[in-house]
>>> print(open('model.pdb').read())   # PDB, C-alpha atoms
MODEL        1
ATOM      1  CA  MET M1333     109.285  90.660  86.269
ATOM      2  CA  ALA M1334     111.549  88.286  84.395
ATOM      3  CA  PRO M1335     114.911  86.806  85.410
ATOM      4  CA  LEU M1336     117.856  87.356  83.080
ATOM      5  CA  LEU M1337     120.819  85.035  83.351
ATOM      6  CA  GLU M1338     124.029  86.798  84.286
ATOM      7  CA  HIS M1339     126.942  85.099  82.566
ATOM      8  CA  THR M1340     129.397  86.745  84.931
ATOM      9  CA  THR M1341     127.943  85.402  88.194
ATOM     10  CA  ASP M1342     125.678  82.670  89.469
ATOM     11  CA  LEU M1343     123.006  85.223  90.297
ATOM     12  CA  THR M1344     120.128  86.485  88.187
ATOM     13  CA  SER M1345     119.290  90.061  87.287
ATOM     14  CA  LYS M1346     115.652  91.026  87.526
ATOM     15  CA  VAL M1347     114.212  92.713  84.453
ATOM     16  CA  MET M1348     111.021  94.753  84.668
ATOM     17  CA  LEU M1349     109.041  95.311  81.462
ATOM     18  CA  ILE M1350     106.207  97.860  81.423
ATOM     19  CA  THR M1351     103.942  98.847  78.561
ATOM     20  CA  ALA M1352     101.235 101.497  78.898
ATOM     21  CA  ASN M1353      99.037 103.676  76.753
ATOM     22  CA  VAL M1354      99.562 106.944  78.625
ATOM     23  CA  GLY M1355      97.336 109.158  76.479
ATOM     24  CA  SER M1356      94.719 109.620  79.186
ATOM     25  CA  ILE M1357      97.142 110.973  81.794
ATOM     26  CA  PHE M1358      97.869 113.940  79.533
ATOM     27  CA  GLU M1359      94.173 114.588  78.891
ATOM     28  CA  ASP M1360      92.757 114.556  82.430
ATOM     29  CA  LEU M1361      93.173 118.288  82.960
ATOM     30  CA  SER M1362      92.658 119.947  86.341
ATOM     31  CA  ARG M1363      92.515 123.649  87.159
ATOM     32  CA  GLU M1364      95.789 125.021  88.517
ATOM     33  CA  GLY M1365      94.890 128.727  88.556
ATOM     34  CA  PRO M1366      92.085 131.291  88.212
ATOM     35  CA  SER M1367      92.306 131.600  84.444
ATOM     36  CA  LEU M1368      90.337 129.413  82.038
ATOM     37  CA  THR M1369      93.678 128.464  80.506
ATOM     38  CA  ASP M1370      95.184 127.375  83.836
ATOM     39  CA  PHE M1371      94.550 123.674  83.309
ATOM     40  CA  THR M1372      97.274 121.010  83.507
ATOM     41  CA  PRO M1373      97.292 117.185  83.672
ATOM     42  CA  GLU M1374      99.114 117.376  87.012
ATOM     43  CA  ARG M1375      96.698 115.109  88.921
ATOM     44  CA  MET M1376      96.958 112.021  86.715
ATOM     45  CA  LEU M1377     100.667 112.563  86.082
ATOM     46  CA  LYS M1378     101.379 112.540  89.810
ATOM     47  CA  MET M1379      99.253 109.448  90.392
ATOM     48  CA  TRP M1380     100.900 107.535  87.546
ATOM     49  CA  LEU M1381     104.427 108.504  88.604
ATOM     50  CA  ASN M1382     103.767 107.701  92.268
ATOM     51  CA  GLU M1383     102.484 104.223  91.412
ATOM     52  CA  PHE M1384     105.348 103.642  89.001
ATOM     53  CA  VAL M1385     108.045 104.658  91.496
ATOM     54  CA  ALA M1386     106.392 102.648  94.276
ATOM     55  CA  THR M1387     106.358  99.532  92.089
ATOM     56  CA  VAL M1388     109.994  99.947  91.064
ATOM     57  CA  THR M1389     111.010 100.519  94.688
ATOM     58  CA  LYS M1390     109.147  97.393  95.792
ATOM     59  CA  LEU M1391     110.438  95.050  93.068
ATOM     60  CA  GLN M1392     113.914  96.585  92.663
ATOM     61  CA  PRO M1393     114.670  95.463  89.092
ATOM     62  CA  MET M1394     118.205  95.669  87.780
ATOM     63  CA  PHE M1395     117.049  96.594  84.259
ATOM     64  CA  LEU M1396     113.858  98.488  83.566
ATOM     65  CA  ALA M1397     112.088  99.061  80.237
ATOM     66  CA  ILE M1398     109.002 101.271  79.879
ATOM     67  CA  HIS M1399     107.158 101.350  76.564
ATOM     68  CA  MET M1400     104.574 104.124  76.292
ATOM     69  CA  GLN M1401     102.055 104.786  73.537
ATOM     70  CA  GLU M1402     100.137 107.995  72.760
ATOM     71  CA  VAL M1403     102.662 110.158  74.595
ATOM     72  CA  GLY M1404     101.085 113.591  74.883
ATOM     73  CA  GLY M1405      97.551 112.267  74.462
ATOM     74  CA  LYS M1406      95.189 112.517  71.531
ATOM     75  CA  ASN M1407      95.395 116.324  71.565
ATOM     76  CA  TYR M1408      99.167 116.131  71.307
ATOM     77  CA  GLU M1409      99.548 119.519  69.642
ATOM     78  CA  GLU M1410      98.383 121.127  72.893
ATOM     79  CA  SER M1411      99.473 118.637  75.548
ATOM     80  CA  MET M1412     102.919 117.631  74.233
ATOM     81  CA  GLN M1413     104.281 120.495  76.323
ATOM     82  CA  TYR M1414     103.622 118.437  79.465
ATOM     83  CA  VAL M1415     105.725 115.485  78.352
ATOM     84  CA  ASN M1416     108.976 117.265  79.228
ATOM     85  CA  HIS M1417     107.771 117.872  82.782
ATOM     86  CA  PHE M1418     106.661 114.247  83.060
ATOM     87  CA  ILE M1419     110.097 112.915  82.063
ATOM     88  CA  LYS M1420     112.056 115.438  84.140
ATOM     89  CA  THR M1421     110.012 114.567  87.223
ATOM     90  CA  MET M1422     110.633 110.856  86.683
ATOM     91  CA  LEU M1423     114.389 111.280  86.205
ATOM     92  CA  ALA M1424     114.626 113.570  89.234
ATOM     93  CA  SER M1425     113.040 111.012  91.566
ATOM     94  CA  GLU M1426     115.321 110.121  94.458
ATOM     95  CA  ASP M1427     114.062 106.546  94.293
ATOM     96  CA  LEU M1428     115.482 106.224  90.771
ATOM     97  CA  GLU M1429     118.911 107.659  91.581
ATOM     98  CA  CYS M1430     120.324 104.144  91.781
ATOM     99  CA  TYR M1431     119.631 103.797  88.041
ATOM    100  CA  ASP M1432     122.600 105.780  86.804
ATOM    101  CA  LYS M1433     122.258 104.592  83.196
ATOM    102  CA  ALA M1434     119.199 105.671  81.200
ATOM    103  CA  ARG M1435     118.027 106.338  77.667
ATOM    104  CA  VAL M1436     114.739 108.041  76.914
ATOM    105  CA  PHE M1437     113.391 107.988  73.357
ATOM    106  CA  LEU M1438     110.464 110.362  72.736
ATOM    107  CA  ASP M1439     109.008 110.665  69.254
ATOM    108  CA  GLU M1440     107.437 114.115  69.676
ATOM    109  CA  ASP M1441     107.746 115.816  66.296
ATOM    110  CA  PHE M1442     104.081 115.858  65.257
ATOM    111  CA  THR M1443     104.926 118.147  62.326
ATOM    112  CA  ALA M1444     106.567 115.157  60.603
ATOM    113  CA  VAL M1445     103.206 113.648  59.652
ATOM    114  CA  ASP M1446     104.630 110.685  57.745
ATOM    115  CA  LYS M1447     106.923 109.652  60.636
ATOM    116  CA  PHE M1448     105.255 110.743  63.892
ATOM    117  CA  THR M1449     104.290 107.835  66.204
ATOM    118  CA  ALA M1450     103.940 109.504  69.660
ATOM    119  CA  LEU M1451     105.861 106.577  71.150
ATOM    120  CA  GLY M1452     108.099 106.800  74.178
ATOM    121  CA  SER M1453     110.660 104.148  75.149
ATOM    122  CA  LEU M1454     112.550 104.482  78.432
ATOM    123  CA  TYR M1455     115.339 102.218  79.652
ATOM    124  CA  PHE M1456     117.138 102.184  83.007
ATOM    125  CA  ALA M1457     120.023 100.074  84.308
ATOM    126  CA  HIS M1458     121.020  99.813  87.964
ATOM    127  CA  VAL M1459     124.347 101.228  89.127
ATOM    128  CA  SER M1460     125.501  97.699  89.982
ATOM    129  CA  MET M1461     125.115  96.558  86.363
ATOM    130  CA  THR M1462     128.264  97.188  84.360
ATOM    131  CA  ALA M1463     127.969  94.734  81.456
ATOM    132  CA  VAL M1464     125.203  96.542  79.546
ATOM    133  CA  GLU M1465     125.365  97.537  75.877
ATOM    134  CA  VAL M1466     122.875  98.931  73.369
ATOM    135  CA  PHE M1467     123.041  98.254  69.641
ATOM    136  CA  ASP M1468     123.990 100.955  67.125
ATOM    137  CA  PHE M1469     121.978 100.060  63.998
ATOM    138  CA  GLN M1470     124.039 102.352  61.767
ATOM    139  CA  ALA M1471     127.470 101.181  62.919
ATOM    140  CA  LYS M1472     126.108  97.621  63.288
ATOM    141  CA  LYS M1473     127.748  97.043  66.636
ATOM    142  CA  PHE M1474     126.991  97.247  70.354
ATOM    143  CA  VAL M1475     128.075 100.386  72.209
ATOM    144  CA  PRO M1476     128.401 100.971  75.974
ATOM    145  CA  PHE M1477     125.247 101.956  77.824
ATOM    146  CA  VAL M1478     126.516 104.682  80.145
ATOM    147  CA  GLY M1479     125.163 107.895  81.636
ATOM    148  CA  ARG M1480     121.692 109.329  81.213
ATOM    149  CA  GLU M1481     120.366 110.880  78.016
ATOM    150  CA  VAL M1482     116.974 112.092  76.796
ATOM    151  CA  LEU M1483     116.490 111.847  73.031
ATOM    152  CA  SER M1484     113.359 113.780  72.116
ATOM    153  CA  GLY M1485     111.663 115.783  69.392
ATOM    154  CA  ASN M1486     112.652 114.453  65.988
ATOM    155  CA  ILE M1487     114.636 111.276  66.693
ATOM    156  CA  GLU M1488     114.918 109.931  63.147
ATOM    157  CA  SER M1489     118.731 110.234  63.111
ATOM    158  CA  VAL M1490     119.301 108.542  66.496
ATOM    159  CA  PRO M1491     121.338 105.414  65.600
ATOM    160  CA  ILE M1492     120.638 103.255  68.663
ATOM    161  CA  LYS M1493     117.042 102.610  67.695
ATOM    162  CA  GLU M1494     114.934 101.599  64.710
ATOM    163  CA  LYS M1495     111.645 103.437  64.272
ATOM    164  CA  ALA M1496     108.913 103.327  61.664
ATOM    165  CA  LYS M1497     105.341 104.436  61.191
ATOM    166  CA  PHE M1498     103.132 101.856  59.512
ATOM    167  CA  PRO M1499     102.284 102.957  55.957
ATOM    168  CA  GLN M1500      98.585 103.481  55.243
ATOM    169  CA  ASN M1501      98.650 101.204  52.197
ATOM    170  CA  TYR M1502      99.608  98.212  54.374
ATOM    171  CA  PHE M1503      96.197  98.339  56.054
ATOM    172  CA  PRO M1504      93.752 100.164  53.771
ATOM    173  CA  GLU M1505      90.740  99.099  55.871
ATOM    174  CA  CYS M1506      92.077 100.875  58.939
ATOM    175  CA  ARG M1507      92.440 104.530  59.761
ATOM    176  CA  TRP M1508      95.077 105.721  62.190
ATOM    177  CA  SER M1509      97.460 108.590  62.671
ATOM    178  CA  ARG M1510     100.334 107.403  64.868
ATOM    179  CA  LYS M1511     100.633 103.616  64.645
ATOM    180  CA  GLY M1512     104.209 102.366  64.445
ATOM    181  CA  PHE M1513     107.079 100.930  66.457
ATOM    182  CA  ILE M1514     110.448 101.661  68.070
ATOM    183  CA  ARG M1515     112.943  98.808  68.378
ATOM    184  CA  THR M1516     116.103  98.656  70.480
ATOM    185  CA  ARG M1517     118.593  95.810  70.904
ATOM    186  CA  TRP M1518     120.421  95.007  74.131
ATOM    187  CA  ASN M1519     123.353  92.960  75.358
ATOM    188  CA  ILE M1520     123.136  92.438  79.102
ATOM    189  CA  CYS M1521     125.830  90.234  80.542
ATOM    190  CA  GLY M1522     126.002  88.275  77.315
ATOM    191  CA  SER M1523     122.236  87.883  76.813
ATOM    192  CA  ILE M1524     121.186  89.574  73.544
ATOM    193  CA  PHE M1525     117.550  90.493  72.914
ATOM    194  CA  ASP M1526     115.331  93.044  71.161
ATOM    195  CA  LEU M1527     112.700  95.200  72.827
ATOM    196  CA  ILE M1528     109.941  96.549  70.581
ATOM    197  CA  ASN M1529     107.514  99.281  71.561
ATOM    198  CA  ILE M1530     104.646  98.814  69.124
ATOM    199  CA  HIS M1531     101.367 100.697  68.821
ATOM    200  CA  LEU M1532      98.850  98.344  67.266
ATOM    201  CA  PHE M1533      95.696  98.987  65.265
ATOM    202  CA  HIS M1534      92.265  99.517  66.829
ATOM    203  CA  ASP M1535      93.223  99.728  70.490
ATOM    204  CA  ALA M1536      89.584  99.159  71.482
ATOM    205  CA  ASN M1537      89.717  95.564  70.274
ATOM    206  CA  ASN M1538      93.045  94.261  68.969
ATOM    207  CA  ILE M1539      91.707  90.697  68.775
ATOM    208  CA  GLU M1540      88.894  91.738  66.441
ATOM    209  CA  ALA M1541      91.321  93.786  64.344
ATOM    210  CA  MET M1542      93.677  90.810  64.122
ATOM    211  CA  LEU M1543      90.874  88.567  62.869
ATOM    212  CA  GLN M1544      89.813  91.113  60.267
ATOM    213  CA  VAL M1545      93.239  91.627  58.745
ATOM    214  CA  ARG M1546      95.167  88.514  59.823
ATOM    215  CA  ASN M1547      95.831  87.169  56.326
ATOM    216  CA  HIS M1548      97.697  90.100  54.795
ATOM    217  CA  ALA M1549      98.517  91.843  58.083
ATOM    218  CA  TYR M1550     100.774  88.991  59.211
ATOM    219  CA  THR M1551     102.676  89.183  55.943
ATOM    220  CA  ASN M1552     103.092  92.939  56.225
ATOM    221  CA  TYR M1553     104.323  92.749  59.835
ATOM    222  CA  ALA M1554     106.874  90.156  58.753
ATOM    223  CA  VAL M1555     108.062  92.406  55.925
ATOM    224  CA  ILE M1556     108.444  95.360  58.316
ATOM    225  CA  PHE M1557     110.580  93.515  60.868
ATOM    226  CA  GLU M1558     112.770  91.773  58.312
ATOM    227  CA  LYS M1559     114.138  95.134  57.217
TER
ENDMDL
END
>>> encode(input="model.pdb", output="structure tokens")
Amino acid sequence: MAPLLEHTTDLTSKVMLITANVGSIFEDLSREGPSLTDFTPERMLKMWLNEFVATVTKLQPMFLAIHMQEVGGKNYEESMQYVNHFIKTMLASEDLECYDKARVFLDEDFTAVDKFTALGSLYFAHVSMTAVEVFDFQAKKFVPFVGREVLSGNIESVPIKEKAKFPQNYFPECRWSRKGFIRTRWNICGSIFDLINIHLFHDANNIEAMLQVRNHAYTNYAVIFEK
């Protein structure tokens, strides 16, 4: 939890930043019926959501950002169907009703092989926060952050985010299918900052991967984020 200076008052707004690889919660299937096909990831989804809501209720942040990687799990072609239920359940929570402003970015179009990242970025602002804006990268200006909206499927044309999948030729030693990032820019009470949801290489050991490719990887990361 980080404090964010409010330029309009002498108080501070609490900001909660969460990042999580959620692939496993869509893969831990449990039987929900008599048929062999009656398996859903309901158990892990409920546990994750319950812990998430309990933490938010306890800490009561004014602005909340959740960055998720591997949305839908490794078998995303089969389990992506559960993502909708996951998001709807979260948004329907009574404990989150006080967050009347929300944007949900879900990169779900796995048919777009050269662009698919399976990233999910969720942002919530408390009803008491009125000076919140999100940046429109096409119009090159901040726009009001109002209401709730879920942006899912193919989100390439959504202007209030930047998204890219890392090209294979940047890291020829590595093999991956969904590594990339989603960036958003915010203006909260006069404080301007970027939030980047990034899925790195070799999740098993990012330190080892960094050491292996640090020389040209650093240069390539810099090139990506300068664009």
>>> closest_residue(input="model.pdb", among="M:Thr1443, M:Asn1407, M:Ser1453, M:Thr1421", to="M:Glu1359", atoms="all atoms listed in the file")
M:Asn1407
>>> residues_near_point(input="model.pdb", point="(118.9, 91.7, 74.1)", cutoff="9 Å", atoms="all atoms listed in the file", output="VMD selection string")
chain M and resid 1465 to 1467 1516 to 1520 1522 to 1527
>>> closest_residue(input="model.pdb", among="M:Leu1377, M:Leu1532, M:Ile1419, M:Leu1349", to="M:Gly1452", atoms="only C-alpha atoms")
M:Ile1419
>>> closest_residue(input="model.pdb", among="M:Met1412, M:Val1475, M:Leu1391, M:Ala1397", to="M:Leu1454", atoms="all atoms listed in the file")
M:Ala1397
>>> atom_distance(input="model.pdb", atom1="atom CA of M:Tyr1408", atom2="atom CA of M:Asp1441")
9.9 Å
>>> resolve_selection(input="model.pdb", expression="the PyMOL selection byres ((chain M and resi 1393) around 9)", output="PyMOL selection string")
chain M and resi 1333+1345-1348+1388-1392+1394-1396+1457-1458
>>> atom_distance(input="model.pdb", atom1="atom CA of M:Ile1514", atom2="atom CA of M:Ala1471")
17.8 Å
>>> residues_near_point(input="model.pdb", point="(118.3, 110.7, 82.1)", cutoff="10 Å", atoms="all atoms listed in the file", output="PDB file with C-alpha atoms, keeping the file's coordinate frame")
ATOM      1  CA  ILE M1419     110.097 112.915  82.063  1.00  0.00           C
ATOM      2  CA  LYS M1420     112.056 115.438  84.140  1.00  0.00           C
ATOM      3  CA  MET M1422     110.633 110.856  86.683  1.00  0.00           C
ATOM      4  CA  LEU M1423     114.389 111.280  86.205  1.00  0.00           C
ATOM      5  CA  ALA M1424     114.626 113.570  89.234  1.00  0.00           C
ATOM      6  CA  GLU M1429     118.911 107.659  91.581  1.00  0.00           C
ATOM      7  CA  TYR M1431     119.631 103.797  88.041  1.00  0.00           C
ATOM      8  CA  ASP M1432     122.600 105.780  86.804  1.00  0.00           C
ATOM      9  CA  LYS M1433     122.258 104.592  83.196  1.00  0.00           C
ATOM     10  CA  ALA M1434     119.199 105.671  81.200  1.00  0.00           C
ATOM     11  CA  ARG M1435     118.027 106.338  77.667  1.00  0.00           C
ATOM     12  CA  VAL M1436     114.739 108.041  76.914  1.00  0.00           C
ATOM     13  CA  LEU M1454     112.550 104.482  78.432  1.00  0.00           C
ATOM     14  CA  TYR M1455     115.339 102.218  79.652  1.00  0.00           C
ATOM     15  CA  PHE M1456     117.138 102.184  83.007  1.00  0.00           C
ATOM     16  CA  GLY M1479     125.163 107.895  81.636  1.00  0.00           C
ATOM     17  CA  ARG M1480     121.692 109.329  81.213  1.00  0.00           C
ATOM     18  CA  GLU M1481     120.366 110.880  78.016  1.00  0.00           C
ATOM     19  CA  VAL M1482     116.974 112.092  76.796  1.00  0.00           C
ATOM     20  CA  LEU M1483     116.490 111.847  73.031  1.00  0.00           C
TER      21      LEU M1483
END
>>> resolve_selection(input="model.pdb", expression="the PyMOL selection byres ((chain M and resi 1491) around 8)", output="PyMOL selection string")
chain M and resi 1468-1471+1489-1490+1492-1494
>>> closest_residue(input="model.pdb", among="M:Val1385, M:His1417, M:Asn1353, M:Phe1513", to="M:Met1400", atoms="all atoms listed in the file")
M:Asn1353
>>> build_atoms(input="model.pdb", residues="stretch 1385-1401 of chain M", atoms="N, CA, C and O atoms", output="short mmCIF file (atom, residue, chain, number, x, y, z; two decimals), keeping the file's coordinate frame")
data_model
loop_
_atom_site.label_atom_id
_atom_site.label_comp_id
_atom_site.auth_asym_id
_atom_site.auth_seq_id
_atom_site.Cartn_x
_atom_site.Cartn_y
_atom_site.Cartn_z
N VAL M 1385 106.88 104.64 90.60
CA VAL M 1385 108.04 104.66 91.50
C VAL M 1385 107.86 103.67 92.64
O VAL M 1385 108.81 102.96 93.03
N ALA M 1386 106.65 103.59 93.18
CA ALA M 1386 106.39 102.65 94.28
C ALA M 1386 106.61 101.21 93.83
O ALA M 1386 107.17 100.39 94.58
N THR M 1387 106.19 100.89 92.61
CA THR M 1387 106.36 99.53 92.09
C THR M 1387 107.83 99.21 91.86
O THR M 1387 108.30 98.12 92.21
N VAL M 1388 108.56 100.15 91.30
CA VAL M 1388 109.99 99.95 91.06
C VAL M 1388 110.73 99.78 92.39
O VAL M 1388 111.59 98.91 92.54
N THR M 1389 110.38 100.60 93.37
CA THR M 1389 111.01 100.52 94.69
C THR M 1389 110.74 99.17 95.35
O THR M 1389 111.61 98.58 95.99
N LYS M 1390 109.52 98.67 95.18
CA LYS M 1390 109.15 97.39 95.79
C LYS M 1390 109.85 96.21 95.12
O LYS M 1390 110.37 95.32 95.81
N LEU M 1391 109.90 96.20 93.80
CA LEU M 1391 110.44 95.05 93.07
C LEU M 1391 111.95 95.13 92.82
O LEU M 1391 112.60 94.12 92.60
N GLN M 1392 112.48 96.35 92.82
CA GLN M 1392 113.91 96.58 92.66
C GLN M 1392 114.52 95.83 91.47
O GLN M 1392 115.44 95.01 91.65
N PRO M 1393 114.07 96.11 90.27
CA PRO M 1393 114.67 95.46 89.09
C PRO M 1393 116.06 96.01 88.83
O PRO M 1393 116.37 97.15 89.20
N MET M 1394 116.88 95.22 88.17
CA MET M 1394 118.20 95.67 87.78
C MET M 1394 118.17 96.39 86.43
O MET M 1394 118.94 97.29 86.17
N PHE M 1395 117.24 95.95 85.57
CA PHE M 1395 117.05 96.59 84.26
C PHE M 1395 115.56 96.85 84.09
O PHE M 1395 114.73 95.97 84.36
N LEU M 1396 115.25 98.06 83.65
CA LEU M 1396 113.86 98.49 83.57
C LEU M 1396 113.57 99.06 82.19
O LEU M 1396 114.30 99.91 81.69
N ALA M 1397 112.51 98.56 81.55
CA ALA M 1397 112.09 99.06 80.24
C ALA M 1397 110.63 99.50 80.32
O ALA M 1397 109.78 98.76 80.80
N ILE M 1398 110.35 100.73 79.89
CA ILE M 1398 109.00 101.27 79.88
C ILE M 1398 108.65 101.66 78.45
O ILE M 1398 109.31 102.51 77.85
N HIS M 1399 107.63 101.03 77.90
CA HIS M 1399 107.16 101.35 76.56
C HIS M 1399 105.82 102.07 76.68
O HIS M 1399 104.84 101.52 77.19
N MET M 1400 105.78 103.31 76.19
CA MET M 1400 104.57 104.12 76.29
C MET M 1400 104.04 104.44 74.90
O MET M 1400 104.81 104.72 73.98
N GLN M 1401 102.72 104.41 74.78
CA GLN M 1401 102.06 104.79 73.54
C GLN M 1401 101.19 106.02 73.78
O GLN M 1401 100.77 106.28 74.90
#
